[in-house]
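Visitor: Here it is, the structure, as structure tokens.
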Amino acid sequence: MSISDQLHRVSDSDYRWPAEWEPHEATWISWPHNRSDWPGKFEAIPWVYGDIVTKLTPGEKVRVLVQSEAHQLLARDVLTRCGADFSRIEFWTIETDRSWIRDYGTFFLVPDPEGSSDQLRVVDFQFSGWAQYPDWQRDNQVTSQIARQLNAPVVRPLHQDRPVVLEGGAVDTNGQGTLIATEACLLNTTHQVRNPGTGRREMETLLKTYLDIDQVLWLPHALEGDDTNGHIDDLCRFVDPHTVVACRGHDPDDTNYGKLEENWDQLQDRRLENGKKLHVIALPCPNSIVFENTCLPASYANFYIGNTVVLVPTFNDPMDRVALETLAALFPGRSTVGIHALDLLWGLGTLHCMTHQQPAI
């Protein structure tokens, strides 16, 4: 089935993909279990998850994926000791390969208030382990299982009779029709290729078709050490309908400095879906973090926007304070809270990678 064959399934249905700061019904997480993601550091990881859940539950439900009843008991023990509010926590037994639910989690579309529907729609993109890792088959089934249990209608994007691969961390939206992504991730033809034979024009058509996007803003470069090869949630994020924060380095000798400057320059004259100029605010970078000779993708852009709180990864770095102050000024109606993320970062992801929002209707 081609793009044109399926076009009516989304564009005629009066649905849109909302921004992350819009009201949530819940946040989804997948309780950690794959020790290979954090070799030598796994014991610390559940406690970070526990901290995050306790910070989110005052403002929304948290839906926790667990592998089994025994796995749920382990999660309950940690959450109890963290002082979590269990009245705001739901456990869902859905097996996963890994914990990075941002990327294999569900794209939820909300109905237009003037339309005829009153329920969420699920867009079930294919997940392929970032076109790099072999353990992804269970993760790829998570969205369909969630949709079935929520009794939500599902659209499964196809291009040239193949499922369309797209990870949640690869794209960000202002909720008004503009999406931002990187060429390094979605348009790469030589490394970690998600959709072979799909060029810029075709990818833009797919994004516009299935996520009700009017235009796509592209950045060229990925962050050093990012095993996704260019997820936007480590580089640039919308913070309101007309504003993004973009990572900008402070050390010209840093390996990311030149790439981030080029990304920054590319953003300066960009226009939104309504023709207005994009407002760009600098978000600092922490100093390079190297562990066991591996450069880790440390980024303050990997923050998560909850209903009442903005969770920001911190790295015991002088720039932590600057990043927290920058984001606090942009979200005055929410508490801005730093979460120590050095242990998480050994898994090559932090707060945004491990969360996924379900919008409220």
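Numbering starts fresh at 1 for the residues of each chain in the structure tokens, the chains themselves are lettered A, B, ... in the order given, and ligands are numbered from 1 as they appear.
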Which parts of segment 116-277 of chain A does DSSP call alpha helix (DSSP H) when run on the backbone here, written out as a PyMOL selection string?
Guide: chain A and resi 142-150+183-186+200-211+257-267
Visitor: Any idea what's packed within 12 Å of Met203 of chain A, counting only C-alpha atoms, ignoring anything in its chain fewer than 4 positions away? Could you give it as a list of chain:residue names?
Guide: A:Ile3, A:Pro157, A:Leu158, A:His159, A:Val164, A:Val165, A:Leu166, A:Ala181, A:Thr182, A:Glu183, A:Cys185, A:Leu186, A:Leu187, A:Asn188, A:Arg194, A:Asn195, A:Pro196, A:Gly197, A:Thr198, A:Gly199, A:Leu207, A:Lys208, A:Thr209, A:Tyr210, A:Leu211, A:Ile213, A:Gln215, A:Val216, A:Trp218
Visitor: Tyr257 of chain A: which residues within 12 Å, counting only C-alpha atoms, same-chain residues fewer than 2 positions away excluded, as a short mmCIF file (atom, residue, chain, number, x, y, z; two decimals) with C-alpha atoms, in the first residue's frame?
Guide:
```cif
data_model
loop_
_atom_site.label_atom_id
_atom_site.label_comp_id
_atom_site.auth_asym_id
_atom_site.auth_seq_id
_atom_site.Cartn_x
_atom_site.Cartn_y
_atom_site.Cartn_z
CA HIS A 221 24.39 16.92 12.76
CA ALA A 222 24.24 14.36 15.55
CA LEU A 223 25.82 14.56 18.99
CA GLU A 224 29.10 12.68 19.46
CA CYS A 247 22.44 22.97 22.42
CA ARG A 248 25.43 25.24 22.01
CA GLY A 249 28.95 24.47 23.17
CA HIS A 250 31.28 26.70 25.15
CA ASP A 251 34.61 25.01 24.41
CA PRO A 252 35.92 25.32 20.80
CA ASP A 253 38.16 22.31 21.42
CA ASP A 254 35.19 20.07 22.23
CA THR A 255 34.42 17.50 19.53
CA LYS A 259 28.64 20.56 14.73
CA LEU A 260 26.47 22.36 17.25
CA GLU A 261 27.45 25.74 15.83
CA GLU A 262 26.37 24.61 12.37
CA ASN A 263 23.06 23.34 13.78
CA TRP A 264 22.65 26.69 15.56
CA PRO A 284 24.48 24.97 27.32
CA CYS A 285 26.40 21.73 26.99
CA PRO A 286 28.12 20.00 29.88
CA ASN A 287 31.81 19.32 29.56
CA SER A 288 32.65 16.13 27.70
#
```
Visitor: Name the residues of segment 32-172 of chain A that fall into strand (DSSP E) according to DSSP on the backbone, using the chain letters and numbers of this document, as a list of chain:residue names.
Guide: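 Reading the DSSP output for segment 32-172 of chain A, strand (DSSP E) covers A:Lys61, A:Val62, A:Arg63, A:Val64, A:Leu65, A:Val66, A:Ile89, A:Glu90, A:Phe91, A:Trp92, A:Thr93, A:Phe107, A:Phe108, A:Leu109, A:Val110, A:Pro111, A:Arg121, A:Val122, A:Val123, A:Val154, A:Val155, A:Leu158, A:His159, A:Arg162, A:Pro163, A:Asp172.
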Visitor: With only C-alpha atoms as the counted atoms, please give the residues lying no more than 10 Å from Ser36 of chain A, apart from itself and same-chain residues fewer than 5 positions off, as a ChimeraX atom specification.
Guide: /A:41-42,98,347
